[in-house]
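Novice: Before anything else, here's the structure in question.
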Amino acid sequence: MIVSWNWLKEYVLLDMPVAELERRLMMAGLNHESTEEVGGDLAVDLEVTSNRPDCLGHIGIAREVSVLFDHPLRISPARPREGSTKISDLATVSVECPQHCPRYTARVIRGVKVDASPFWLSRRLATLGIKTINNVVDITNYVLMECGQPLHAFDLSKLAGRQIVVREGRPGEKLVAIDHETYDVGPGMCLICDAEKPVGIGGVMGGANSEITEKTIELLIEAAEFDPLSIRTTARRLSLHSDSSYRFERGLDPEGVDWASRRCCELILNLAGGELAGGMIDIGRQPVPREPIVLRLAQLKRILGIEIPADRVRQILDALGNGLVSETAANVTVTPPSWRRDLTREIDLVEEVARIHGYEAIPEDVSVPMATSSRSDEDRVLATTRHVLTAVGFDEAYTVSVVEQDWSSALSPWTDAEPLVSQTPLLRRATCLRRSLIPSLLGARRTNETLANPVIELFEIAKVYLPRGDKLPDEQLMLGLTSGSDFLSVKGVIESLVTEMNKHAECEVAETRHELFTAGRCCQLRLGGEVFGYLGEVSPAGLKRFELTGPTTVAEIRLAPLLKIADLVPRYVKQPAFPAIHRDLNLVVDETVRWAELARIARSAGGTHLEGLEYKDTYRDAERLGPGKKSLLLTITLRAPNGTLTSQQADAICSEIVAVCHRDLGANLRA
Amino acid sequence: MALAAFLAEVEELLSAAQSAFAAASDAAAVEAARVEFLGAKSGRLKAVQKGLGQVDKTDKPAAGQRFNQVKLDIETAFAAAQERLTARPATSAKGPQFDPTLPGRRPRLGKLHPLTRTIEDLKEIMGRLGFTVAAGPEIEDEWHNFEALNIPAAHPARDPLENFYLATAGAVLKSPLLLRSQTSTVQIRVMEKTKPPVRIISLGRVYRPDDADNTHYPMFHQIEGLLIDRHVTMADLKSVLRLFASSYFGGDVHIRFRPSFFPFTEPSVEVDMSWNDQWIEMGGAGMVDPHVLQAVGYDPEEVTGFAFGLGVERVCARRHQVTDIREFYKNDVRFLQQF
């Protein structure tokens, strides 16, 4: 809301510097945006919160000033002189849709001379950035900016049947508004019509067909109430937002309707002449008296933490226009003013008293009782996960939860259900709630590739959204990884993470296949008997789909199983005091033999003294080993709990391992 | 001669010899020290050795053992001095030379996202003030996102264009779901399940249809605090915010409240803090609206409470002087590695 300094002076004495006014208003709830000089006047831009439509006019701001500086408020009584002709002989009004338009009032002025506005009037509108049109239109805008109540002036002679009909739009109906754009004004919208056609969009904008021109001599002045929700819907549907719709959306002072109409007529008679018809047309609900509100003075201390003297409380409430109904030592009962629709409860009065009294009075150094707080296991697991991943060189990424259709359909490992879709795109084309973090991370990878960043190792911890019909979706926390290294490197990272959570836990590998991954170089991971995640090198087709060039491996794992196995307080285990013996074994096996199988068999053959079994390398040489063969190099660690193993004992264990591996897998020791 | 006297002499010799060899900075000095201590004719070691003969017979084995060790130690010190001098790079040396000025092999350290760092800092401070982290869903129903927060159907905040309402498989859901527009939803969920007192912070992603520019993004992070108990006042709110701001930003921070409007608090305020002699906007706060307390089954005559919220991106951007918040979601490795 832009306020003219000179205009404001009409209602309240401004004997303070503008900066002081700005500061006090800000500290009372009208945030100061800017002040600009416009042709010798000051345009002070104030931010008005949505609960205070009463401040969307100069009088409302003046009232705040009058309360804050304790200066009297001066408002015109607006008593225009009425002529002898009755309005009922000149025009009729009917309202067919009171749900959209609960109240409609009209006054008629005949014999006006439409001309340019006087300098003082056009000057004030110019400060607010409002274009001047002619004296009649300018006066309706002036009164709008004076009290916040929108008004509209129709050329009465252009209204067919000299009649106003307020009704809903009909299918296919159109209207050219005064901005000379054509609007589709169909059902659900409130139209102002004459006997034949629409002449305005109620509460939003008037029609070009009834606008005031220099030929106009008869006026019908509309001052009405429109339903806030209806106005908002219409303004949105038409993408047509006006000063009027802005105010109607927020709700206005029902008792201000008639004052605004009288004030408008008073100014027109003064500036454009003519004669005001006797009486007014007033259709619909009349303002209802406000319910009194009881303020228990003890509530002030209970909510604000400070004492405010009863006298001060009464003075503030009175200055704000609340009518005193009764008072006792403990309570003050008031009727809130008609322009403050936001005041209905005791707590509303507590806030009013507080903001005028000043929040500076509230201390910032009271002692707040102590309380314990605890860190959740999930928080600990997430912190450990982040430590492990940054330690092994991964940077943490944050990507957006909503992705475009193409990314969404690229990969959905956790559900077959179609993704939830946002009715408004989050970013351009991004409408699908993601079911996997991987497409987003591949997108981040592409961003880095286009910048020629040499190392792109990213992880993200975020949710995926798995639809469950009508219920809230299953939001699962995931860890996503993308790396430039190969399958085994990324698998190692995940294994380290698992071991870090629980030194006894191990994840297992199961078959999986997806067109984004290179066949055979991808797998499902399982942990603690449930699906943990998947891991794979991105196939050439996958790289192409995400416009990537460098080799890429991705993995996505669920954090829930990790949380389940996490051993957050590991227990001490005494380590044997005797040295270990290490032995390397080179076992030649068929290509089809897998490490996991070999390791399992070797472990069981190694007995209790086998402490560790570590994979070292795979060696292939068709000439030396024979076709279809490979040699697996492993290191075994042997240790006894009660003494140093001898070389002979170690050899015996090795022989046993080799023998069992030969028997079960056809493995041979390489010479 | 008493054993003690002999041993004292031996120890003194050792310490003198060790410092002489350690201090020798060239070959001549090493040689001079060698002659002084280890000289075959008149070296000090030799002189001390003569004393060994005068030690009482019973003490001789002990004295001899110590003397031999000291002799070895002095010879070691001599060898070390020689080694030290000859190991210096000689300008005339031939063949490959190790260059210790080459950069070390550095393991690549990954970086936490700056938003994580900020969130962890804020969580930690609030934890010290007794606030426990609470989590909740990002996709919400209208009850938790609006109704319970005192945002009735006619409120402008409910406008479909101001929110991300969801559909599934092309059809509108029977009961509308939407991406939460504030983390206050979590507060409702906690209060519905917990009796007062409640002292929590909720944090996470929230969504509002803003066009992305350097200060706005349609997805961002919020951290919100909630304290409900008997006798909680706005003075408690101001004091907690002051402790919080002093702890995070350091120094003597003051808090200022400006009246504002949020449906779920009343009174509602914008919170500023003084920092470097300026008032800086921190976020929004207020006393929990009685309607909200009633909506979760609390009695507003029995308990009161306060709530406050901060935008994590804004705090983080100010902390690290990030001038465009879109950087947080671009994931340029060069950006991430700065923190």
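Residues in the structure tokens are numbered from 1 in each chain, the chains being A, B, ... in the order shown, and ligands are numbered from 1 in the order shown.
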Would you kindly return, as an mmCIF file with N, CA and C atoms, in the first residue's frame, each protein, DNA or RNA residue with an atom no farther than 8 Å from any atom of Ser268 in chain B, considering only C-alpha atoms and excluding same-chain residues fewer than 4 positions away?

Specialist:
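Output saved as result-v9.cif:
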data_model
loop_
_atom_site.group_PDB
_atom_site.id
_atom_site.type_symbol
_atom_site.label_atom_id
_atom_site.label_comp_id
_atom_site.auth_asym_id
_atom_site.auth_seq_id
_atom_site.Cartn_x
_atom_site.Cartn_y
_atom_site.Cartn_z
ATOM 1 N N GLU A 351 -2.956 -9.426 21.278
ATOM 2 C CA GLU A 351 -1.980 -9.013 20.265
ATOM 3 C C GLU A 351 -2.067 -7.511 19.993
ATOM 4 N N PRO B 259 5.539 -6.765 14.776
ATOM 5 C CA PRO B 259 4.265 -7.466 14.595
ATOM 6 C C PRO B 259 4.139 -8.002 13.169
ATOM 7 N N SER B 260 3.544 -9.171 13.058
ATOM 8 C CA SER B 260 3.343 -9.750 11.739
ATOM 9 C C SER B 260 2.076 -10.591 11.774
ATOM 10 N N PHE B 261 1.879 -11.404 10.787
ATOM 11 C CA PHE B 261 0.681 -12.238 10.760
ATOM 12 C C PHE B 261 1.004 -13.626 10.218
ATOM 13 N N PHE B 262 0.744 -14.634 11.006
ATOM 14 C CA PHE B 262 0.755 -16.027 10.557
ATOM 15 C C PHE B 262 -0.499 -16.670 11.142
ATOM 16 N N GLY B 284 10.225 -15.903 11.313
ATOM 17 C CA GLY B 284 8.937 -15.591 11.907
ATOM 18 C C GLY B 284 8.751 -16.368 13.202
ATOM 19 N N ALA B 285 7.905 -15.838 14.093
ATOM 20 C CA ALA B 285 7.672 -16.508 15.373
ATOM 21 C C ALA B 285 6.349 -16.043 15.949
ATOM 22 N N GLY B 286 5.988 -16.624 17.069
ATOM 23 C CA GLY B 286 4.783 -16.175 17.755
ATOM 24 C C GLY B 286 4.348 -17.169 18.803
ATOM 25 N N MET B 287 3.261 -16.806 19.476
ATOM 26 C CA MET B 287 2.667 -17.706 20.460
ATOM 27 C C MET B 287 1.662 -18.591 19.730
#

Novice: Give me the residues of chain B that have any atom at most 7 Å from an atom of chain A; for each, the nearest atom pair and the distance in Å, rounded to one decimal. Use only C-alpha atoms, sort by chain and number, and format it as a tab-separated table.

Specialist:
residue	atom	partner	partner_atom	distance
B:Arg108	CA	A:Gly393	CA	5.1
B:Leu109	CA	A:Gly393	CA	4.5
B:Gly110	CA	A:Thr390	CA	3.9
B:Lys111	CA	A:Asp395	CA	4.7
B:Leu112	CA	A:Glu396	CA	5.1
B:His113	CA	A:Glu396	CA	5.0
B:Gly127	CA	A:Ser373	CA	5.8
B:Gly130	CA	A:Ser373	CA	4.7
B:Phe131	CA	A:Ser373	CA	5.6
B:Thr132	CA	A:Ser373	CA	4.9
B:Pro137	CA	A:Glu475	CA	6.9
B:Ile139	CA	A:Leu472	CA	6.8
B:Glu140	CA	A:Leu472	CA	6.9
B:Ala154	CA	A:Leu229	CA	5.9
B:Phe164	CA	A:Ser422	CA	5.7
B:Tyr165	CA	A:Ser422	CA	5.7
B:Leu166	CA	A:Ser422	CA	4.4
B:Ala167	CA	A:Val421	CA	5.1
B:Thr168	CA	A:Leu420	CA	4.7
B:Ala169	CA	A:Glu418	CA	5.8
B:Leu173	CA	A:Asp470	CA	6.3
B:Lys174	CA	A:Asp470	CA	6.8
B:Pro209	CA	A:Leu426	CA	6.7
B:Pro218	CA	A:Leu426	CA	6.2
B:His231	CA	A:Arg302	CA	6.6
B:Thr233	CA	A:Ile303	CA	4.9
B:Met234	CA	A:Leu304	CA	4.8
B:Ala235	CA	A:Gly305	CA	5.4
B:Asp236	CA	A:Val368	CA	6.1
B:Lys238	CA	A:Glu364	CA	4.9
B:Ser239	CA	A:Glu364	CA	4.3
B:Arg242	CA	A:Glu364	CA	6.6
B:Arg256	CA	A:Glu360	CA	7.0
B:Phe257	CA	A:Tyr359	CA	5.9
B:Arg258	CA	A:Met27	CA	5.2
B:Pro259	CA	A:Gly29	CA	4.4
B:Ser260	CA	A:Gly29	CA	5.7
B:Phe261	CA	A:Thr49	CA	6.2
B:Glu266	CA	A:Glu351	CA	6.7
B:Pro267	CA	A:Glu351	CA	4.9
B:Phe328	CA	A:Tyr398	CA	7.0
B:Tyr329	CA	A:Thr399	CA	5.5
B:Lys330	CA	A:Ala444	CA	6.8
B:Asn331	CA	A:Ala397	CA	5.6
B:Asp332	CA	A:Asn448	CA	5.7
B:Val333	CA	A:Ile456	CA	6.7
B:Leu336	CA	A:Asp395	CA	6.7

Novice: Can you list, as a PyMOL selection string, every residue of range 486-637 of chain A that DSSP puts in strand (DSSP E)?

Specialist: chain A and resi 508-510+517-527+530-538+553-558+581-590+610-619+629-637

Novice: Using the chain letters and numbers from this document, which residues of range 353-465 of chain A does DSSP assign to helix (DSSP H, G or I), as number ranges by chain?

Specialist: A: 353-357, 359-361, 377-391, 405-410, 438-450
